[in-house]
Amino acid sequence: MTTTLETWGPVDPLEPALSVRRVLTLERVLAGEPEVVAGAAQLDRPVRWVHVAEAADVGVMLTGGEMVLTTGVLLAGDDNAQAEYIRSLHRAEAAAVVLGLGRAFPTTPDVMRRAAERCGLPMVVLHRPFPFAELTEEVQSRLVRRKFAAVSLSEAVRTALTGLITAGAPLQRLLDEIAHHTGCPVVVTNLAHRVLATAGERSAVDDVLRDWERIARQAGGSEGDGWIRAELGGRGERWGQIMLCGYRGDTAGGKLLADRAAEALVLHRMLGGNAAHSWEEQSAQSLLTDLLSGVVPARQLLPRARAAGLPVNRRTFVPLVVPDGEPAQLERMLRLLGLSGLVAECTHGATAVLLSLARDQDATALAAHFAARLRTESGERHTVVAAADPRTAWDDVPAGLREAQHVADAVADSSAALDLPAVVRLKDVHLRGLVRLLRDDPHVQSFAERELDGLLCAAAADDLLAVLRTYLATGRNKSRTAQLHHVSRPALYRRLEAIEARLGVDLDDFEQAASVHIALLAHDAQQG
């Protein structure tokens with residue numbers, strides 16, 4: 001057998017579990033000229049222990065995962081005993097059998113080789129005399145050190161996570177720490193296997209999320225290949241799980257780390273007063289924030305959206321923004337109406353809602369129904385929902401969310417919503433929408449300051465600005481303005497005269513009034 005000699009240094013808990021293949025690369029084993037004569041496809045089996053035994057019924061003494069070393073001295077000359085010996089090791093789930101040639105068998109016993117091949121049990125023969133005690137000592141020492149290293153790492157993780165929780169760190173910071181120590185992607189899900197949060201190298205996490213539907217379907221199965229889970233919950237209630245995806249170390253050490261991570265997440269929830277649904281809100285907020293920002297291409301966010309439970313295949317997406325909306329209330333409304341979507345708080349107290357509808361559903365009618373229901377539930381007849389036109393392509397969703405947010409900004413002032421429909425679109429915000437869009441332009445800012453300079457410097461600037469704002473918003477209706485400000489018409493006339501004097505304009509002149517109105521809209525947009 002040709003092998004590459006490895007140097008065994010300090011134990012790294014994240015190294016792959018000690019396997020039959022690795023044991024055979026030890027210098028002491030190589031000195032015995034090992035040859036794999038059966039079960040070569042099973043050499044990556046983990047070795048839990050090394051057991052030296054000559055007894056024919058050794059299988060009853062094993063618990064699984066042992067590498068059994070023997071000279072076969074009690075098996076020579078008895079073909080049935082040789083075959084049963086191999087079968088008993090297979091039944092006991094031994095990792096491998098190593099037979100030292102020379103004392104009982106000068107060459108490989110064909111009966112044992114064939115039996116091992118049939119069972120898929122790795123069988124190794126040593127062509128030169130070999131001190132079994134030395135191998136046993138080295139492997140056992142290695143296994144004990146590995147276990148100690150895993151426990152030490154587990155305690156280091158517990159200490160680090162406890163420190164972060166004490167410092168009030170957010171959930172994502174804890175997950176980043178867990179991913180750092182485990183060296184693999186970390187995923188937190190609810191009981192429906194919807195992804196609430198992730199951590200780890202971005203490309204590796206994306207690979208996991210791209211295949212999440214298959215992984216979620218198998219989430220109740222047995223662990224293996226580095227997929228290690230731990231339940232999240234307490235007081236008899238389960239509310240999620242944390243999963244290590246592709247952990248490179250041995251399963252026992254990985255399970256220990258996953259349990260430590262789960263303990264920390266449960267403690268984080270208890271101390272922070274966080275219910276499981278708040279993690280779902282954070283997940284939705286992170287996704288919608290990334291979509292809105294445009295920093296990450298929408299196509300790269302598609303696996304995250306799918307893993308979060310949002311239907312994305314052959315769907316129509318309706319971006320909505322509700323000024324002063326409550327995420328919990330909007331989530332409840334989606335459930336009541338049987339609609340799929342993500343809900344998350346965005347800027348300035350507004351809440352974004354991304355509806356995902358089947359292609360045969362009427363997106364316009366459902367958005368109108370959603371907004372009407374919101375008005376009814378809130379009891380506010382001026383409540384509005386800012387909406388963008390429906391999108392059938394996922395790549396167009398970020399632009400739609402930004403459009404809906406722009407419309408919401410344009411109607412943020414409650415006075416602007418007096419005569420607006422329940423669903424407000426770009427065409428409904430007219431000049432106010434354009435000014436909001438251009439509010440950060442230096443030329444627009446200079447124009448607003450220049451037009452309003454005389455009024456902004458006045459001692460009663462706030463009162464006069466409020467009167468001017470109402471007067472222009474009501475179409476220069478003096479009676480309505482006086483009524484809204486609870487003043488007499490003569491008192492209003494005096495204030496309007498003071499405004500005209502300070503600005504140097506005639507508000508009865510349409511062009512001058514329009515110029516002041518645009519400047520005031522720009523000023524309010526910049527302040528808001």
# chains A, B, ... in the order shown; residues from 1 in each chain; ligands from 1
>>> residues_around(residues="Pro170 (chain A)", least_positions_apart="4", cutoff="10 Å", atoms="only C-alpha atoms", output="MDAnalysis selection string")
chainID A and resid 164:165 174:175 268 272
>>> write_last_selection(atoms="all heavy atoms", output="PDB file, in the first residue's frame")
ATOM      1  N   LEU A 164     -20.358  38.183  25.067  1.00  0.00           N
ATOM      2  CA  LEU A 164     -21.106  38.977  24.087  1.00  0.00           C
ATOM      3  C   LEU A 164     -22.530  39.246  24.567  1.00  0.00           C
ATOM      4  O   LEU A 164     -23.049  40.359  24.409  1.00  0.00           O
ATOM      5  CB  LEU A 164     -21.139  38.242  22.745  1.00  0.00           C
ATOM      6  CG  LEU A 164     -19.811  38.167  21.985  1.00  0.00           C
ATOM      7  CD1 LEU A 164     -19.953  37.280  20.756  1.00  0.00           C
ATOM      8  CD2 LEU A 164     -19.352  39.573  21.559  1.00  0.00           C
ATOM      9  N   ILE A 165     -23.161  38.226  25.156  1.00  0.00           N
ATOM     10  CA  ILE A 165     -24.529  38.411  25.655  1.00  0.00           C
ATOM     11  C   ILE A 165     -24.546  39.441  26.777  1.00  0.00           C
ATOM     12  O   ILE A 165     -25.413  40.321  26.819  1.00  0.00           O
ATOM     13  CB  ILE A 165     -25.090  37.062  26.148  1.00  0.00           C
ATOM     14  CG1 ILE A 165     -25.277  36.111  24.955  1.00  0.00           C
ATOM     15  CG2 ILE A 165     -26.415  37.262  26.872  1.00  0.00           C
ATOM     16  CD1 ILE A 165     -25.626  34.692  25.361  1.00  0.00           C
ATOM     17  N   LEU A 174     -23.406  37.157  17.754  1.00  0.00           N
ATOM     18  CA  LEU A 174     -23.229  35.836  18.350  1.00  0.00           C
ATOM     19  C   LEU A 174     -23.005  34.783  17.271  1.00  0.00           C
ATOM     20  O   LEU A 174     -22.123  33.930  17.388  1.00  0.00           O
ATOM     21  CB  LEU A 174     -24.451  35.466  19.185  1.00  0.00           C
ATOM     22  CG  LEU A 174     -24.408  35.794  20.683  1.00  0.00           C
ATOM     23  CD1 LEU A 174     -24.393  37.305  20.894  1.00  0.00           C
ATOM     24  CD2 LEU A 174     -25.594  35.174  21.403  1.00  0.00           C
ATOM     25  N   LEU A 175     -23.789  34.855  16.214  1.00  0.00           N
ATOM     26  CA  LEU A 175     -23.659  33.864  15.147  1.00  0.00           C
ATOM     27  C   LEU A 175     -22.314  33.983  14.444  1.00  0.00           C
ATOM     28  O   LEU A 175     -21.712  32.975  14.052  1.00  0.00           O
ATOM     29  CB  LEU A 175     -24.804  34.022  14.152  1.00  0.00           C
ATOM     30  CG  LEU A 175     -26.200  33.714  14.694  1.00  0.00           C
ATOM     31  CD1 LEU A 175     -27.248  33.909  13.612  1.00  0.00           C
ATOM     32  CD2 LEU A 175     -26.272  32.302  15.249  1.00  0.00           C
ATOM     33  N   HIS A 268     -29.699  34.353  25.120  1.00  0.00           N
ATOM     34  CA  HIS A 268     -29.819  35.663  24.457  1.00  0.00           C
ATOM     35  C   HIS A 268     -31.290  36.051  24.324  1.00  0.00           C
ATOM     36  O   HIS A 268     -31.681  37.197  24.571  1.00  0.00           O
ATOM     37  CB  HIS A 268     -29.152  35.589  23.088  1.00  0.00           C
ATOM     38  CG  HIS A 268     -29.204  36.873  22.310  1.00  0.00           C
ATOM     39  ND1 HIS A 268     -30.243  37.179  21.459  1.00  0.00           N
ATOM     40  CD2 HIS A 268     -28.350  37.927  22.257  1.00  0.00           C
ATOM     41  CE1 HIS A 268     -30.033  38.366  20.905  1.00  0.00           C
ATOM     42  NE2 HIS A 268     -28.891  38.828  21.379  1.00  0.00           N
ATOM     43  N   GLY A 272     -32.860  39.133  26.485  1.00  0.00           N
ATOM     44  CA  GLY A 272     -33.261  40.270  25.657  1.00  0.00           C
ATOM     45  C   GLY A 272     -34.755  40.412  25.512  1.00  0.00           C
ATOM     46  O   GLY A 272     -35.240  41.351  24.882  1.00  0.00           O
TER      47      GLY A 272
END
>>> select_by_dssp(residues="region 238-272 of chain A", states="alpha helix (DSSP H)", output="ChimeraX atom specification")
/A:251-272
>>> write_last_selection(atoms="all heavy atoms", output="short mmCIF file (atom, residue, chain, number, x, y, z; two decimals), in the first residue's frame")
data_model
loop_
_atom_site.label_atom_id
_atom_site.label_comp_id
_atom_site.auth_asym_id
_atom_site.auth_seq_id
_atom_site.Cartn_x
_atom_site.Cartn_y
_atom_site.Cartn_z
N THR A 251 -17.88 14.40 14.69
CA THR A 251 -19.29 14.67 15.00
C THR A 251 -19.50 14.97 16.48
O THR A 251 -20.28 15.87 16.82
CB THR A 251 -20.14 13.48 14.58
OG1 THR A 251 -19.98 13.26 13.17
CG2 THR A 251 -21.62 13.73 14.87
N ALA A 252 -18.82 14.24 17.36
CA ALA A 252 -19.01 14.45 18.79
C ALA A 252 -18.60 15.87 19.19
O ALA A 252 -19.31 16.55 19.94
CB ALA A 252 -18.21 13.43 19.58
N GLY A 253 -17.45 16.33 18.69
CA GLY A 253 -17.01 17.69 19.00
C GLY A 253 -17.95 18.72 18.41
O GLY A 253 -18.25 19.74 19.04
N GLY A 254 -18.43 18.46 17.19
CA GLY A 254 -19.36 19.39 16.57
C GLY A 254 -20.67 19.48 17.33
O GLY A 254 -21.24 20.57 17.49
N LYS A 255 -21.14 18.34 17.82
CA LYS A 255 -22.37 18.33 18.60
C LYS A 255 -22.19 19.13 19.89
O LYS A 255 -23.11 19.86 20.32
CB LYS A 255 -22.75 16.89 18.92
CG LYS A 255 -24.07 16.74 19.67
CD LYS A 255 -25.23 17.27 18.87
CE LYS A 255 -26.55 17.06 19.60
NZ LYS A 255 -27.69 17.72 18.91
N LEU A 256 -21.02 19.02 20.49
CA LEU A 256 -20.74 19.77 21.70
C LEU A 256 -20.79 21.28 21.42
O LEU A 256 -21.38 22.05 22.18
CB LEU A 256 -19.36 19.38 22.24
CG LEU A 256 -19.02 19.74 23.69
CD1 LEU A 256 -20.02 19.13 24.65
CD2 LEU A 256 -17.61 19.29 24.01
N LEU A 257 -20.19 21.70 20.29
CA LEU A 257 -20.21 23.12 19.93
C LEU A 257 -21.62 23.59 19.61
O LEU A 257 -22.02 24.70 19.98
CB LEU A 257 -19.29 23.35 18.73
CG LEU A 257 -17.79 23.21 18.98
CD1 LEU A 257 -17.02 23.38 17.68
CD2 LEU A 257 -17.31 24.23 20.00
N ALA A 258 -22.37 22.75 18.89
CA ALA A 258 -23.75 23.14 18.55
C ALA A 258 -24.59 23.30 19.81
O ALA A 258 -25.41 24.23 19.91
CB ALA A 258 -24.37 22.08 17.63
N ASP A 259 -24.39 22.43 20.79
CA ASP A 259 -25.14 22.54 22.05
C ASP A 259 -24.77 23.82 22.80
O ASP A 259 -25.64 24.49 23.37
CB ASP A 259 -24.86 21.32 22.93
CG ASP A 259 -25.53 20.06 22.41
OD1 ASP A 259 -26.45 20.17 21.58
OD2 ASP A 259 -25.10 18.96 22.80
N ARG A 260 -23.45 24.16 22.78
CA ARG A 260 -23.03 25.40 23.44
C ARG A 260 -23.66 26.61 22.74
O ARG A 260 -24.11 27.57 23.38
CB ARG A 260 -21.51 25.51 23.42
CG ARG A 260 -20.79 24.52 24.30
CD ARG A 260 -21.01 24.83 25.78
NE ARG A 260 -20.35 23.83 26.62
CZ ARG A 260 -20.95 22.75 27.11
NH1 ARG A 260 -22.23 22.55 26.85
NH2 ARG A 260 -20.28 21.90 27.87
N ALA A 261 -23.69 26.56 21.43
CA ALA A 261 -24.28 27.66 20.66
C ALA A 261 -25.77 27.79 20.96
O ALA A 261 -26.29 28.90 21.14
CB ALA A 261 -24.05 27.44 19.16
N ALA A 262 -26.46 26.65 21.02
CA ALA A 262 -27.90 26.67 21.31
C ALA A 262 -28.17 27.25 22.69
O ALA A 262 -29.10 28.05 22.88
CB ALA A 262 -28.46 25.25 21.21
N GLU A 263 -27.36 26.86 23.68
CA GLU A 263 -27.52 27.40 25.03
C GLU A 263 -27.41 28.93 25.01
O GLU A 263 -28.20 29.64 25.65
CB GLU A 263 -26.46 26.82 25.97
CG GLU A 263 -26.61 25.34 26.27
CD GLU A 263 -25.39 24.80 26.99
OE1 GLU A 263 -24.49 25.59 27.33
OE2 GLU A 263 -25.34 23.57 27.22
N ALA A 264 -26.42 29.43 24.26
CA ALA A 264 -26.21 30.87 24.21
C ALA A 264 -27.37 31.59 23.53
O ALA A 264 -27.80 32.66 23.97
CB ALA A 264 -24.90 31.18 23.47
N LEU A 265 -27.89 31.02 22.45
CA LEU A 265 -29.00 31.66 21.74
C LEU A 265 -30.27 31.69 22.60
O LEU A 265 -31.01 32.68 22.58
CB LEU A 265 -29.27 30.93 20.43
CG LEU A 265 -28.14 30.96 19.39
CD1 LEU A 265 -28.61 30.38 18.07
CD2 LEU A 265 -27.62 32.37 19.18
N VAL A 266 -30.51 30.61 23.33
CA VAL A 266 -31.67 30.59 24.22
C VAL A 266 -31.50 31.64 25.32
O VAL A 266 -32.45 32.37 25.65
CB VAL A 266 -31.86 29.19 24.82
CG1 VAL A 266 -32.92 29.20 25.92
CG2 VAL A 266 -32.23 28.19 23.73
N LEU A 267 -30.30 31.75 25.88
CA LEU A 267 -30.03 32.75 26.92
C LEU A 267 -30.18 34.15 26.34
O LEU A 267 -30.75 35.04 27.00
CB LEU A 267 -28.61 32.55 27.47
CG LEU A 267 -28.18 33.52 28.58
CD1 LEU A 267 -29.08 33.39 29.79
CD2 LEU A 267 -26.72 33.26 28.96
N HIS A 268 -29.70 34.35 25.12
CA HIS A 268 -29.82 35.66 24.46
C HIS A 268 -31.29 36.05 24.32
O HIS A 268 -31.68 37.20 24.57
CB HIS A 268 -29.15 35.59 23.09
CG HIS A 268 -29.20 36.87 22.31
ND1 HIS A 268 -30.24 37.18 21.46
CD2 HIS A 268 -28.35 37.93 22.26
CE1 HIS A 268 -30.03 38.37 20.91
NE2 HIS A 268 -28.89 38.83 21.38
N ARG A 269 -32.11 35.09 23.95
CA ARG A 269 -33.54 35.37 23.80
C ARG A 269 -34.17 35.71 25.14
O ARG A 269 -34.96 36.65 25.27
CB ARG A 269 -34.23 34.16 23.19
CG ARG A 269 -35.75 34.31 23.11
CD ARG A 269 -36.40 32.98 22.78
NE ARG A 269 -37.85 33.09 22.81
CZ ARG A 269 -38.67 32.07 22.74
NH1 ARG A 269 -38.18 30.85 22.64
NH2 ARG A 269 -39.98 32.23 22.77
N MET A 270 -33.82 34.95 26.17
CA MET A 270 -34.43 35.15 27.48
C MET A 270 -34.06 36.50 28.07
O MET A 270 -34.91 37.25 28.54
CB MET A 270 -34.00 34.03 28.43
CG MET A 270 -34.57 32.66 28.09
SD MET A 270 -33.88 31.37 29.16
CE MET A 270 -34.33 31.99 30.78
N LEU A 271 -32.77 36.85 28.01
CA LEU A 271 -32.31 38.09 28.61
C LEU A 271 -32.76 39.32 27.81
O LEU A 271 -32.99 40.39 28.37
CB LEU A 271 -30.78 38.10 28.72
CG LEU A 271 -30.19 37.05 29.68
CD1 LEU A 271 -28.68 37.17 29.72
CD2 LEU A 271 -30.78 37.23 31.08
N GLY A 272 -32.86 39.13 26.48
CA GLY A 272 -33.26 40.27 25.66
C GLY A 272 -34.76 40.41 25.51
O GLY A 272 -35.24 41.35 24.88
#
>>> residues_around(residues="region 98-110 of chain A", least_positions_apart="3", cutoff="7 Å", atoms="only C-alpha atoms", output="ChimeraX atom specification")
/A:68-73,76,113-114,123-127,129
>>> write_last_selection(atoms="N, CA and C atoms", output="JSON list (two decimals), in the first residue's frame")
[["chain", "number", "residue", "atom", "x", "y", "z"],
["A", 68, "VAL", "N", -9.59, -3.08, 15.55],
["A", 68, "VAL", "CA", -9.18, -4.28, 16.28],
["A", 68, "VAL", "C", -7.85, -4.79, 15.72],
["A", 69, "LEU", "N", -6.87, -4.99, 16.63],
["A", 69, "LEU", "CA", -5.55, -5.51, 16.26],
["A", 69, "LEU", "C", -5.44, -6.96, 16.73],
["A", 70, "THR", "N", -5.00, -7.86, 15.85],
["A", 70, "THR", "CA", -4.90, -9.27, 16.22],
["A", 70, "THR", "C", -3.82, -9.98, 15.41],
["A", 71, "THR", "N", -3.30, -11.07, 15.98],
["A", 71, "THR", "CA", -2.39, -11.95, 15.22],
["A", 71, "THR", "C", -3.15, -13.15, 14.67],
["A", 72, "GLY", "N", -4.41, -13.35, 15.12],
["A", 72, "GLY", "CA", -5.22, -14.47, 14.64],
["A", 72, "GLY", "C", -4.78, -15.82, 15.15],
["A", 73, "VAL", "N", -4.04, -15.83, 16.25],
["A", 73, "VAL", "CA", -3.47, -17.08, 16.73],
["A", 73, "VAL", "C", -4.54, -18.10, 17.10],
["A", 76, "ALA", "N", -6.32, -19.78, 13.47],
["A", 76, "ALA", "CA", -5.60, -20.57, 12.46],
["A", 76, "ALA", "C", -6.18, -21.97, 12.36],
["A", 113, "ARG", "N", -10.32, -12.61, 4.20],
["A", 113, "ARG", "CA", -10.33, -11.53, 3.21],
["A", 113, "ARG", "C", -11.68, -11.47, 2.49],
["A", 114, "ARG", "N", -12.16, -12.66, 2.04],
["A", 114, "ARG", "CA", -13.44, -12.68, 1.31],
["A", 114, "ARG", "C", -14.60, -12.25, 2.22],
["A", 123, "MET", "N", -9.96, -4.46, 6.03],
["A", 123, "MET", "CA", -9.04, -5.43, 6.60],
["A", 123, "MET", "C", -7.64, -5.09, 6.13],
["A", 124, "VAL", "N", -6.73, -4.97, 7.09],
["A", 124, "VAL", "CA", -5.35, -4.58, 6.81],
["A", 124, "VAL", "C", -4.43, -5.67, 7.34],
["A", 125, "VAL", "N", -3.45, -6.08, 6.54],
["A", 125, "VAL", "CA", -2.45, -7.03, 7.03],
["A", 125, "VAL", "C", -1.12, -6.31, 7.11],
["A", 126, "LEU", "N", -0.32, -6.68, 8.11],
["A", 126, "LEU", "CA", 1.02, -6.11, 8.31],
["A", 126, "LEU", "C", 2.04, -7.18, 7.93],
["A", 127, "HIS", "N", 2.93, -6.86, 7.00],
["A", 127, "HIS", "CA", 3.88, -7.85, 6.49],
["A", 127, "HIS", "C", 5.13, -7.95, 7.36],
["A", 129, "PRO", "N", 6.79, -7.64, 11.52],
["A", 129, "PRO", "CA", 6.39, -7.63, 12.93],
["A", 129, "PRO", "C", 6.18, -6.20, 13.42]]
>>> select_by_dssp(residues="region 143-306 of chain A", states="strand (DSSP E)", output="MDAnalysis selection string")
chainID A and resid 186:189 195:199 228:234 237:244
>>> residues_around(residues="region 292-298 of chain A", least_positions_apart="4", cutoff="9 Å", atoms="only C-alpha atoms", output="ChimeraX atom specification")
/A:287-288,302,394-402
>>> closest_atom_pairs(of="region 252-299 of chain A", to="region 327-347 of chain A", cutoff="8 Å", atoms="only C-alpha atoms", output="tab-separated table")
residue	atom	partner	partner_atom	distance
A:Glu281	CA	A:Ala344	CA	6.0
A:Gln282	CA	A:Ala344	CA	7.5
A:Ala284	CA	A:Ala344	CA	5.6
A:Gln285	CA	A:Ala344	CA	4.6
A:Leu288	CA	A:Ala344	CA	7.1
A:Thr289	CA	A:Cys346	CA	7.2
>>> residues_around(residues="Ala81 (chain A)", least_positions_apart="3", cutoff="12 Å", atoms="only C-alpha atoms", output="ChimeraX atom specification")
/A:55-58,72-78,84-88,109,111-112,115
>>> write_last_selection(atoms="N, CA and C atoms", output="PDB file, in the first residue's frame")
ATOM      1  N   ALA A  55      -9.228 -13.025  21.275  1.00  0.00           N
ATOM      2  CA  ALA A  55     -10.384 -13.889  21.520  1.00  0.00           C
ATOM      3  C   ALA A  55     -11.225 -14.016  20.259  1.00  0.00           C
ATOM      4  N   ALA A  56     -11.723 -15.223  20.021  1.00  0.00           N
ATOM      5  CA  ALA A  56     -12.521 -15.467  18.823  1.00  0.00           C
ATOM      6  C   ALA A  56     -13.860 -14.749  18.880  1.00  0.00           C
ATOM      7  N   ASP A  57     -14.391 -14.511  20.080  1.00  0.00           N
ATOM      8  CA  ASP A  57     -15.686 -13.845  20.217  1.00  0.00           C
ATOM      9  C   ASP A  57     -15.547 -12.373  20.607  1.00  0.00           C
ATOM     10  N   VAL A  58     -14.522 -11.715  20.085  1.00  0.00           N
ATOM     11  CA  VAL A  58     -14.228 -10.329  20.473  1.00  0.00           C
ATOM     12  C   VAL A  58     -15.385  -9.385  20.163  1.00  0.00           C
ATOM     13  N   GLY A  72      -4.409 -13.351  15.121  1.00  0.00           N
ATOM     14  CA  GLY A  72      -5.220 -14.472  14.642  1.00  0.00           C
ATOM     15  C   GLY A  72      -4.782 -15.822  15.154  1.00  0.00           C
ATOM     16  N   VAL A  73      -4.039 -15.831  16.254  1.00  0.00           N
ATOM     17  CA  VAL A  73      -3.471 -17.082  16.727  1.00  0.00           C
ATOM     18  C   VAL A  73      -4.544 -18.103  17.102  1.00  0.00           C
ATOM     19  N   LEU A  74      -5.722 -17.676  17.527  1.00  0.00           N
ATOM     20  CA  LEU A  74      -6.787 -18.598  17.906  1.00  0.00           C
ATOM     21  C   LEU A  74      -7.699 -18.961  16.746  1.00  0.00           C
ATOM     22  N   LEU A  75      -7.403 -18.392  15.549  1.00  0.00           N
ATOM     23  CA  LEU A  75      -8.262 -18.645  14.392  1.00  0.00           C
ATOM     24  C   LEU A  75      -7.625 -19.568  13.364  1.00  0.00           C
ATOM     25  N   ALA A  76      -6.321 -19.777  13.467  1.00  0.00           N
ATOM     26  CA  ALA A  76      -5.601 -20.569  12.461  1.00  0.00           C
ATOM     27  C   ALA A  76      -6.180 -21.973  12.355  1.00  0.00           C
ATOM     28  N   GLY A  77      -6.365 -22.407  11.107  1.00  0.00           N
ATOM     29  CA  GLY A  77      -6.816 -23.764  10.841  1.00  0.00           C
ATOM     30  C   GLY A  77      -8.318 -23.968  10.916  1.00  0.00           C
ATOM     31  N   ASP A  78      -9.092 -22.939  11.198  1.00  0.00           N
ATOM     32  CA  ASP A  78     -10.544 -23.079  11.326  1.00  0.00           C
ATOM     33  C   ASP A  78     -11.217 -22.036  10.442  1.00  0.00           C
ATOM     34  N   GLU A  84     -16.621 -16.292  10.851  1.00  0.00           N
ATOM     35  CA  GLU A  84     -17.494 -15.778  11.903  1.00  0.00           C
ATOM     36  C   GLU A  84     -16.843 -14.624  12.651  1.00  0.00           C
ATOM     37  N   TYR A  85     -15.528 -14.690  12.795  1.00  0.00           N
ATOM     38  CA  TYR A  85     -14.788 -13.610  13.457  1.00  0.00           C
ATOM     39  C   TYR A  85     -15.034 -12.284  12.716  1.00  0.00           C
ATOM     40  N   ILE A  86     -14.901 -12.317  11.400  1.00  0.00           N
ATOM     41  CA  ILE A  86     -15.118 -11.107  10.602  1.00  0.00           C
ATOM     42  C   ILE A  86     -16.567 -10.655  10.700  1.00  0.00           C
ATOM     43  N   ARG A  87     -17.505 -11.614  10.604  1.00  0.00           N
ATOM     44  CA  ARG A  87     -18.924 -11.244  10.677  1.00  0.00           C
ATOM     45  C   ARG A  87     -19.279 -10.630  12.020  1.00  0.00           C
ATOM     46  N   SER A  88     -18.674 -11.130  13.103  1.00  0.00           N
ATOM     47  CA  SER A  88     -18.965 -10.579  14.431  1.00  0.00           C
ATOM     48  C   SER A  88     -18.445  -9.151  14.554  1.00  0.00           C
ATOM     49  N   PRO A 109      -5.030 -14.684   5.009  1.00  0.00           N
ATOM     50  CA  PRO A 109      -6.015 -15.774   4.985  1.00  0.00           C
ATOM     51  C   PRO A 109      -7.175 -15.417   4.048  1.00  0.00           C
ATOM     52  N   VAL A 111     -10.033 -16.788   3.475  1.00  0.00           N
ATOM     53  CA  VAL A 111     -11.393 -16.843   4.042  1.00  0.00           C
ATOM     54  C   VAL A 111     -11.747 -15.521   4.723  1.00  0.00           C
ATOM     55  N   MET A 112     -10.832 -15.003   5.507  1.00  0.00           N
ATOM     56  CA  MET A 112     -11.077 -13.739   6.209  1.00  0.00           C
ATOM     57  C   MET A 112     -11.172 -12.585   5.217  1.00  0.00           C
ATOM     58  N   ALA A 115     -14.586 -12.695   3.461  1.00  0.00           N
ATOM     59  CA  ALA A 115     -15.654 -12.329   4.400  1.00  0.00           C
ATOM     60  C   ALA A 115     -15.650 -10.817   4.657  1.00  0.00           C
TER      61      ALA A 115
END
>>> residues_around(residues="region 209-214 of chain A", least_positions_apart="5", cutoff="9 Å", atoms="only C-alpha atoms", output="compact mmCIF listing (two decimals) with C-alpha atoms, in the first residue's frame")
# COMPACT_ATOMS: atom_id res chain seq x y z
CA VAL A 195 -34.04 30.57 7.70
CA ALA A 204 -20.26 29.12 1.59
CA ALA A 219 -33.75 18.30 8.34
CA LEU A 302 -32.58 35.09 -4.25
CA PRO A 303 -31.38 32.04 -2.21
CA ARG A 304 -31.87 34.02 1.01
CA ARG A 306 -36.29 31.42 -0.89
CA ALA A 307 -34.77 30.06 2.35
>>> atom_distance(atom1="CA of Gly234 (chain A)", atom2="CA of Thr182 (chain A)")
23.9 Å
>>> closest_residue(among="A:Leu320, A:Ala371, A:Val205, A:Ala192", to="Glu280 (chain A)", atoms="only C-alpha atoms")
A:Ala192
>>> closest_residue(among="A:Arg22, A:His181, A:Arg48, A:Arg217", to="Arg158 (chain A)", atoms="only C-alpha atoms")
A:His181
>>> residues_around(residues="Val23 (chain A)", least_positions_apart="5", cutoff="9 Å", atoms="only C-alpha atoms", output="ChimeraX atom specification")
/A:18,29,47,135,139
>>> atom_distance(atom1="CA of Gly249 (chain A)", atom2="CA of Val157 (chain A)")
15.2 Å
>>> atom_distance(atom1="CA of Ala501 (chain A)", atom2="CA of Val516 (chain A)")
13.2 Å
>>> decode(residues="region 313-322 of chain A", atoms="N, CA and C atoms", output="mmCIF file, in the first residue's frame")
data_model
loop_
_atom_site.group_PDB
_atom_site.id
_atom_site.type_symbol
_atom_site.label_atom_id
_atom_site.label_comp_id
_atom_site.auth_asym_id
_atom_site.auth_seq_id
_atom_site.Cartn_x
_atom_site.Cartn_y
_atom_site.Cartn_z
ATOM 1 N N ASN A 313 -40.662 31.476 -7.346
ATOM 2 C CA ASN A 313 -40.728 30.910 -8.693
ATOM 3 C C ASN A 313 -42.048 31.261 -9.363
ATOM 4 N N ARG A 314 -41.960 31.915 -10.539
ATOM 5 C CA ARG A 314 -43.142 32.299 -11.313
ATOM 6 C C ARG A 314 -44.128 33.068 -10.450
ATOM 7 N N ARG A 315 -43.652 34.157 -9.857
ATOM 8 C CA ARG A 315 -44.473 34.976 -8.974
ATOM 9 C C ARG A 315 -44.512 36.419 -9.462
ATOM 10 N N THR A 316 -45.494 37.151 -8.975
ATOM 11 C CA THR A 316 -45.577 38.598 -9.182
ATOM 12 C C THR A 316 -45.280 39.260 -7.836
ATOM 13 N N PHE A 317 -44.358 40.192 -7.839
ATOM 14 C CA PHE A 317 -43.938 40.861 -6.601
ATOM 15 C C PHE A 317 -44.515 42.278 -6.562
ATOM 16 N N VAL A 318 -45.124 42.613 -5.420
ATOM 17 C CA VAL A 318 -45.723 43.945 -5.250
ATOM 18 C C VAL A 318 -45.027 44.636 -4.090
ATOM 19 N N PRO A 319 -44.142 45.618 -4.358
ATOM 20 C CA PRO A 319 -43.464 46.355 -3.284
ATOM 21 C C PRO A 319 -44.391 47.414 -2.689
ATOM 22 N N LEU A 320 -44.533 47.401 -1.369
ATOM 23 C CA LEU A 320 -45.365 48.361 -0.651
ATOM 24 C C LEU A 320 -44.556 48.978 0.480
ATOM 25 N N VAL A 321 -44.883 50.223 0.832
ATOM 26 C CA VAL A 321 -44.313 50.854 2.023
ATOM 27 C C VAL A 321 -45.453 51.548 2.748
ATOM 28 N N VAL A 322 -45.588 51.284 4.047
ATOM 29 C CA VAL A 322 -46.660 51.861 4.856
ATOM 30 C C VAL A 322 -46.052 52.863 5.835
#
